[in-house]
>>> print(open('entry21.txt').read())   # compact mmCIF, C-alpha atoms
# COMPACT_ATOMS: atom_id res chain seq x y z
CA MET A 20 2.12 18.46 14.58
CA THR A 21 -0.54 20.08 12.41
CA GLU A 22 -3.08 22.60 13.66
CA ILE A 23 -5.79 21.51 11.18
CA ASN A 24 -8.85 20.70 13.25
CA VAL A 25 -9.69 17.26 11.89
CA GLY A 26 -9.79 15.60 15.31
CA SER A 27 -7.79 12.51 16.15
CA VAL A 28 -10.18 9.98 14.60
CA GLY A 29 -12.53 10.16 11.63
CA ILE A 30 -14.33 7.80 9.30
CA TRP A 31 -13.54 6.88 5.70
CA ARG A 32 -16.35 5.66 3.48
CA SER A 33 -17.01 5.56 -0.25
CA TRP A 34 -19.22 8.43 -1.40
CA SER A 35 -21.90 5.95 -2.46
CA GLY A 36 -22.25 4.73 1.13
CA LEU A 37 -22.55 8.16 2.72
CA SER A 38 -25.76 10.03 3.55
CA PRO A 39 -26.74 13.11 5.55
CA GLU A 40 -28.32 10.81 8.15
CA LEU A 41 -25.12 8.85 8.64
CA ALA A 42 -23.12 12.08 8.81
CA ARG A 43 -25.28 13.38 11.65
CA GLU A 44 -24.89 10.14 13.60
CA VAL A 45 -21.11 10.09 13.08
CA GLU A 46 -20.85 13.69 14.31
CA LEU A 47 -22.81 12.80 17.46
CA LEU A 48 -20.48 9.85 18.12
CA GLY A 49 -17.51 12.24 18.34
CA TYR A 50 -15.65 11.54 15.11
CA GLY A 51 -13.77 14.56 13.82
CA THR A 52 -13.85 14.15 10.05
CA ILE A 53 -15.75 12.31 7.34
CA TRP A 54 -13.46 11.26 4.48
CA ILE A 55 -15.32 10.82 1.19
CA GLY A 56 -13.76 7.94 -0.73
CA GLY A 57 -14.35 6.43 -4.13
CA SER A 58 -13.27 9.44 -6.24
CA PRO A 59 -16.40 11.60 -5.89
CA SER A 60 -17.45 13.77 -8.81
CA GLY A 61 -15.82 17.15 -9.14
CA ASP A 62 -18.90 19.15 -8.23
CA LEU A 63 -18.65 17.57 -4.74
CA GLY A 64 -22.38 17.58 -4.27
CA ILE A 65 -22.01 14.77 -1.75
CA ALA A 66 -19.70 16.94 0.39
CA GLU A 67 -22.24 19.76 0.21
CA ARG A 68 -25.00 17.48 1.50
CA LEU A 69 -22.87 16.17 4.36
CA LEU A 70 -21.80 19.64 5.42
CA ALA A 71 -25.36 20.94 5.29
CA ALA A 72 -26.52 18.12 7.54
CA THR A 73 -23.90 18.71 10.25
CA ASP A 74 -22.66 21.49 12.50
CA ARG A 75 -19.01 20.97 13.41
CA ILE A 76 -17.52 17.86 11.79
CA MET A 77 -14.95 18.35 9.04
CA VAL A 78 -15.59 16.85 5.62
CA ALA A 79 -12.63 15.84 3.44
CA THR A 80 -12.16 14.10 0.12
CA GLY A 81 -10.12 10.94 0.08
CA ILE A 82 -9.60 11.64 -2.80
CA VAL A 83 -10.56 13.83 -5.77
CA ASN A 84 -8.89 12.07 -8.71
CA MET A 85 -6.57 14.36 -10.66
CA TRP A 86 -7.20 12.56 -13.95
CA ALA A 87 -10.98 12.74 -13.62
CA THR A 88 -11.49 16.24 -12.19
CA PRO A 89 -9.68 19.31 -13.56
CA ALA A 90 -7.96 21.39 -10.90
CA GLU A 91 -10.13 24.37 -11.80
CA GLU A 92 -13.32 22.40 -11.11
CA ALA A 93 -11.95 21.08 -7.80
CA ALA A 94 -10.96 24.62 -6.82
CA ALA A 95 -14.39 26.04 -7.63
CA SER A 96 -16.02 23.34 -5.49
CA PHE A 97 -13.55 24.01 -2.68
CA HIS A 98 -14.30 27.73 -2.60
CA ARG A 99 -18.06 27.16 -2.76
CA LEU A 100 -18.05 24.67 0.11
CA ASN A 101 -15.74 26.57 2.43
CA SER A 102 -17.56 29.83 1.83
CA ALA A 103 -20.90 28.24 2.72
CA HIS A 104 -19.70 26.10 5.64
CA GLY A 105 -17.13 28.08 7.58
CA GLY A 106 -13.94 26.36 6.50
CA ARG A 107 -15.10 22.82 7.35
CA PHE A 108 -13.99 21.33 4.03
CA LEU A 109 -10.54 19.84 3.37
CA LEU A 110 -9.60 19.06 -0.24
CA GLY A 111 -7.80 15.75 -0.63
CA VAL A 112 -6.39 15.11 -4.10
CA GLY A 113 -4.39 12.32 -5.70
CA ILE A 114 -3.55 10.50 -8.92
CA GLY A 115 -5.39 7.25 -8.23
CA HIS A 116 -4.13 4.06 -9.88
CA ARG A 117 -2.36 3.15 -13.09
CA GLU A 118 -4.70 0.18 -13.54
CA ALA A 119 -7.81 2.39 -13.44
CA THR A 120 -6.73 5.31 -15.62
CA GLN A 121 -6.00 4.97 -19.33
CA ASP A 122 -4.14 8.31 -19.48
CA TYR A 123 -1.93 7.52 -16.47
CA ARG A 124 1.59 8.71 -17.35
CA LYS A 125 4.32 10.78 -15.71
CA PRO A 126 2.42 10.70 -12.39
CA PHE A 127 4.77 12.92 -10.41
CA GLU A 128 4.65 15.61 -13.09
CA LYS A 129 0.86 15.36 -13.06
CA ILE A 130 0.75 15.94 -9.31
CA VAL A 131 3.05 18.97 -9.48
CA ASP A 132 1.09 20.50 -12.36
CA TYR A 133 -2.22 19.95 -10.54
CA LEU A 134 -0.90 21.62 -7.40
CA ASP A 135 0.38 24.53 -9.51
CA ARG A 136 -3.11 24.94 -10.95
CA LEU A 137 -4.68 24.82 -7.48
CA ASP A 138 -2.26 27.57 -6.48
CA ALA A 139 -3.41 29.64 -9.46
CA GLN A 140 -7.01 29.19 -8.28
CA GLU A 141 -6.05 30.34 -4.76
CA VAL A 142 -6.72 27.05 -2.97
CA PRO A 143 -4.62 27.47 0.18
CA VAL A 144 -1.84 25.00 0.83
CA SER A 145 -3.19 24.77 4.39
CA ALA A 146 -6.56 23.47 3.16
CA ARG A 147 -5.46 20.62 0.89
CA VAL A 148 -3.85 17.22 1.43
CA LEU A 149 -2.24 14.79 -0.94
CA ALA A 150 -2.67 11.05 -1.28
CA ALA A 151 0.84 9.75 -0.65
CA LEU A 152 2.58 6.45 -0.01
CA GLY A 153 6.20 6.58 -1.17
CA PRO A 154 8.93 8.92 0.07
CA LYS A 155 8.93 11.25 -2.95
CA VAL A 156 5.22 12.09 -2.82
CA LEU A 157 5.24 12.21 0.99
CA ARG A 158 7.93 14.90 0.81
CA LEU A 159 5.91 16.76 -1.80
CA SER A 160 2.83 16.65 0.44
CA ALA A 161 4.86 18.39 3.14
CA GLU A 162 6.12 21.05 0.71
CA ARG A 163 3.00 21.74 -1.37
CA ALA A 164 0.07 20.72 0.85
CA ALA A 165 -0.95 20.62 4.49
CA GLY A 166 0.14 17.00 4.64
CA ALA A 167 -0.60 13.44 3.54
CA HIS A 168 -3.53 11.03 3.46
CA PRO A 169 -2.05 7.52 2.98
CA TYR A 170 -4.42 4.64 2.19
CA LEU A 171 -4.05 0.90 2.86
CA THR A 172 -1.14 1.19 5.24
CA THR A 173 0.12 -0.02 8.59
CA PRO A 174 1.43 1.68 11.75
CA GLU A 175 4.96 0.95 10.51
CA HIS A 176 4.22 2.92 7.36
CA THR A 177 2.90 5.72 9.55
CA ARG A 178 6.17 5.74 11.48
CA ARG A 179 8.18 5.99 8.26
CA ALA A 180 5.84 8.58 6.78
CA ARG A 181 6.23 10.82 9.82
CA ALA A 182 9.99 10.66 9.41
CA GLU A 183 9.66 11.78 5.77
CA LEU A 184 7.12 14.52 6.49
CA GLY A 185 8.82 16.06 9.48
CA GLU A 186 7.07 17.17 12.64
CA TRP A 187 4.38 19.58 11.49
CA PRO A 188 2.52 18.40 8.33
CA LEU A 189 -0.74 16.55 8.77
CA LEU A 190 -0.50 12.76 8.62
CA ALA A 191 -3.92 11.15 8.32
CA PRO A 192 -3.76 7.46 7.36
CA GLU A 193 -6.79 5.32 6.60
CA GLN A 194 -7.26 2.11 8.64
CA LYS A 195 -9.66 -0.71 7.81
CA VAL A 196 -11.42 -2.46 10.68
CA ILE A 197 -13.87 -5.34 11.03
CA VAL A 198 -15.76 -5.63 14.31
CA ASP A 199 -16.12 -9.42 14.42
CA THR A 200 -14.45 -11.80 16.87
CA ASP A 201 -14.61 -14.73 14.43
CA ALA A 202 -11.16 -14.56 12.81
CA GLY A 203 -12.01 -16.83 9.89
CA ARG A 204 -15.10 -14.86 8.98
CA ALA A 205 -13.27 -11.55 9.39
CA ARG A 206 -10.36 -12.63 7.18
CA ALA A 207 -12.81 -13.84 4.53
CA LEU A 208 -14.44 -10.41 4.51
CA ALA A 209 -11.02 -8.73 4.40
CA ARG A 210 -10.05 -10.81 1.36
CA GLU A 211 -13.37 -10.03 -0.30
CA ASN A 212 -12.56 -6.33 -0.01
CA LEU A 213 -8.84 -6.45 -0.81
CA SER A 214 -7.70 -9.35 -2.92
CA GLY A 215 -9.47 -8.63 -6.20
CA THR A 216 -8.82 -4.90 -6.22
CA TYR A 217 -6.22 -3.22 -4.02
CA LEU A 218 -3.78 -6.13 -3.96
CA LYS A 219 -3.68 -6.05 -7.78
CA MET A 220 -2.63 -2.40 -7.87
CA ARG A 221 1.05 -1.71 -8.42
CA ASN A 222 1.40 1.26 -6.09
CA TYR A 223 -0.10 -0.56 -3.09
CA VAL A 224 1.90 -3.73 -3.72
CA ALA A 225 5.13 -1.74 -4.06
CA ASN A 226 4.42 0.12 -0.83
CA LEU A 227 3.69 -3.10 1.07
CA GLU A 228 6.86 -4.69 -0.27
CA ARG A 229 8.82 -1.71 1.07
CA LEU A 230 7.30 -2.57 4.45
CA GLY A 231 8.68 -6.11 4.27
CA PHE A 232 5.90 -8.18 2.72
CA THR A 233 6.99 -10.64 0.02
CA ARG A 234 5.45 -11.93 -3.18
CA ALA A 235 4.24 -14.96 -1.25
CA ASP A 236 1.99 -12.67 0.80
CA PHE A 237 0.15 -11.67 -2.40
CA ASP A 238 -0.31 -15.19 -3.77
CA GLY A 239 -3.89 -16.37 -4.08
CA GLU A 240 -6.12 -14.09 -2.05
CA GLY A 241 -3.36 -12.88 0.27
CA SER A 242 -1.73 -14.36 3.36
CA ASP A 243 -3.26 -14.25 6.83
CA ALA A 244 -0.35 -12.08 7.94
CA LEU A 245 -1.10 -9.53 5.22
CA MET A 246 -4.82 -9.49 6.00
CA ASP A 247 -4.17 -9.04 9.70
CA ALA A 248 -1.70 -6.20 9.06
CA LEU A 249 -4.09 -4.29 6.80
CA VAL A 250 -7.41 -4.97 8.55
CA ALA A 251 -7.77 -4.84 12.33
CA HIS A 252 -10.37 -7.44 13.27
CA GLY A 253 -11.84 -8.62 16.55
CA GLY A 254 -13.79 -6.76 19.20
CA PRO A 255 -13.98 -2.96 19.08
CA GLU A 256 -11.03 -2.78 21.47
CA VAL A 257 -8.84 -4.32 18.73
CA ALA A 258 -9.82 -1.56 16.31
CA ALA A 259 -9.17 1.03 19.01
CA ALA A 260 -5.74 -0.46 19.69
CA ARG A 261 -4.79 -0.27 16.01
CA VAL A 262 -5.89 3.35 15.83
CA THR A 263 -3.79 4.06 18.89
CA GLU A 264 -0.79 2.37 17.24
CA HIS A 265 -1.03 4.79 14.33
CA LEU A 266 -1.31 7.78 16.65
CA GLU A 267 1.68 6.64 18.68
CA ALA A 268 3.64 6.09 15.46
CA GLY A 269 3.15 9.73 14.49
CA ALA A 270 -0.30 10.09 12.92
CA ASP A 271 -2.28 13.22 13.77
CA HIS A 272 -5.52 11.59 12.72
CA VAL A 273 -6.73 8.13 11.69
CA ALA A 274 -9.59 7.64 9.22
CA VAL A 275 -11.39 4.44 10.23
CA GLN A 276 -12.99 2.46 7.42
CA VAL A 277 -15.44 -0.08 8.81
CA LEU A 278 -15.87 -3.11 6.58
CA THR A 279 -19.16 -4.96 6.78
CA GLY A 280 -20.99 -7.58 4.80
CA SER A 281 -23.01 -6.44 1.80
CA GLY A 282 -25.97 -4.31 2.80
CA GLN A 283 -25.07 -4.19 6.49
CA ASP A 284 -25.37 -0.93 8.40
CA PRO A 285 -21.89 0.35 9.39
CA LEU A 286 -23.25 2.42 12.27
CA PRO A 287 -23.22 -0.28 14.99
CA ALA A 288 -19.52 -0.94 14.36
CA LEU A 289 -18.74 2.78 14.20
CA ARG A 290 -20.59 3.26 17.48
CA ALA A 291 -18.67 0.42 19.14
CA VAL A 292 -15.29 1.76 17.95
CA ALA A 293 -16.17 5.28 19.11
CA GLU A 294 -17.05 3.93 22.55
CA ALA A 295 -13.80 1.93 22.73
CA LEU A 296 -11.87 5.10 21.88
CA ASN A 297 -13.91 7.29 24.26
CA LEU A 298 -14.69 9.75 21.47
CA GLY A 299 -18.01 10.97 22.80
>>> encode(input="entry21.txt", output="structure tokens")
Amino acid sequence: MTEINVGSVGIWRSWSGLSPELAREVELLGYGTIWIGGSPSGDLGIAERLLAATDRIMVATGIVNMWATPAEEAAASFHRLNSAHGGRFLLGVGIGHREATQDYRKPFEKIVDYLDRLDAQEVPVSARVLAALGPKVLRLSAERAAGAHPYLTTPEHTRRARAELGEWPLLAPEQKVIVDTDAGRARALARENLSGTYLKMRNYVANLERLGFTRADFDGEGSDALMDALVAHGGPEVAAARVTEHLEAGADHVAVQVLTGSGQDPLPALRAVAEALNLG
């Protein structure tokens, strides 16, 4: 497996919900990487602030959107951050979603061209990862990047992804968790986060169908079975068990995304999950 020092467990959080203060707390809890979600701007000022506030934790993008940020801008930000912070920055890139990008066309060609341009700007293959779900892009992430960062997946997808990648490339899936023992309330929160957005996106639906889910699972706001597969909910030990499932299925690293109600501090849940996983 990969030698990239991302640790076995990190956190994933939209850039708008990240702060230097949270980064310091997450580092103290023992997490290995902070994944910046929500397609941060190409100057990666948020990554700079997180790196400046911490001492050892890796910071990665999950992801820089190829349609929104030219490869040359992403490369300049990469070099600036790694020069200033001792190689603690990992560049995650991807093509995002057809539904969100007006210019979305020939996606595989776009990915290859973007990686070619990163090569021209001397961004090392060993310091970049690719958002990947299906077999074709997973194989490309093994050939042209350090590995893959799949989003909205299951341990079964992790098992299949490892088979596509081979033994050595990095496999770092994201996993959503809700620390709440009330199943009805947790599923309602899961649907609030998934049904109106991710479950309307063609690439995620296609990937979940490959894993055996049917159209009936996407009807309405999504079936209980689908919610439970995508979002681990219960006590912190349930979240820890799901992370362990991914690791046993072949992941090198799992990026935990804690879901909370609007305005709620994610830190208590992150602390509880870290304790359940003995990260400290």
>>> residues_around(input="entry21.txt", residues="A:Ala66", least_positions_apart="3", cutoff="9 Å", atoms="all atoms listed in the file", output="PyMOL selection string")
chain A and resi 34+55+59+62-63+69-71+78-80+100+108
>>> closest_residue(input="entry21.txt", among="A:Leu296, A:Leu266, A:Leu286, A:Val198", to="A:Ala42", atoms="all atoms listed in the file")
A:Leu286
>>> residues_around(input="entry21.txt", residues="A:Phe237", least_positions_apart="3", cutoff="9 Å", atoms="all atoms listed in the file", output="list in words")
Ser214, Leu218, Lys219, Val224, Phe232, Thr233, Arg234, Glu240, Gly241, Ser242 and Leu245 of chain A
>>> atom_distance(input="entry21.txt", atom1="atom CA of A:Gly215", atom2="atom CA of A:Glu175")
24.1 Å
>>> atom_distance(input="entry21.txt", atom1="atom CA of A:Val112", atom2="atom CA of A:Ala150")
6.2 Å
>>> axis_aligned_box(input="entry21.txt", around="stretch 151-156 of chain A", padding_each_side="5 Å", output="JSON")
{"center_x": 4.9, "center_y": 9.3, "center_z": -1.4, "size_x": 18.1, "size_y": 15.6, "size_z": 13.0}
>>> residues_around(input="entry21.txt", residues="A:Leu208", least_positions_apart="2", cutoff="10 Å", atoms="all atoms listed in the file", output="list of chain:residue names")
A:Ile197, A:Ala202, A:Gly203, A:Arg204, A:Ala205, A:Arg206, A:Arg210, A:Glu211, A:Asn212, A:Leu213, A:Met246, A:Val250, A:Leu278, A:Thr279, A:Gly280, A:Ser281
>>> atom_distance(input="entry21.txt", atom1="atom CA of A:Val262", atom2="atom CA of A:Val148")
20.1 Å
>>> residues_near_point(input="entry21.txt", point="(-12.4, 2.4, -1.3)", cutoff="12 Å", atoms="all atoms listed in the file", output="JSON, numbers by chain")
{"A": [31, 32, 33, 34, 35, 36, 54, 55, 56, 57, 58, 59, 80, 81, 82, 115, 170, 171, 193, 194, 195, 212, 213, 216, 217, 275, 276, 277, 278]}
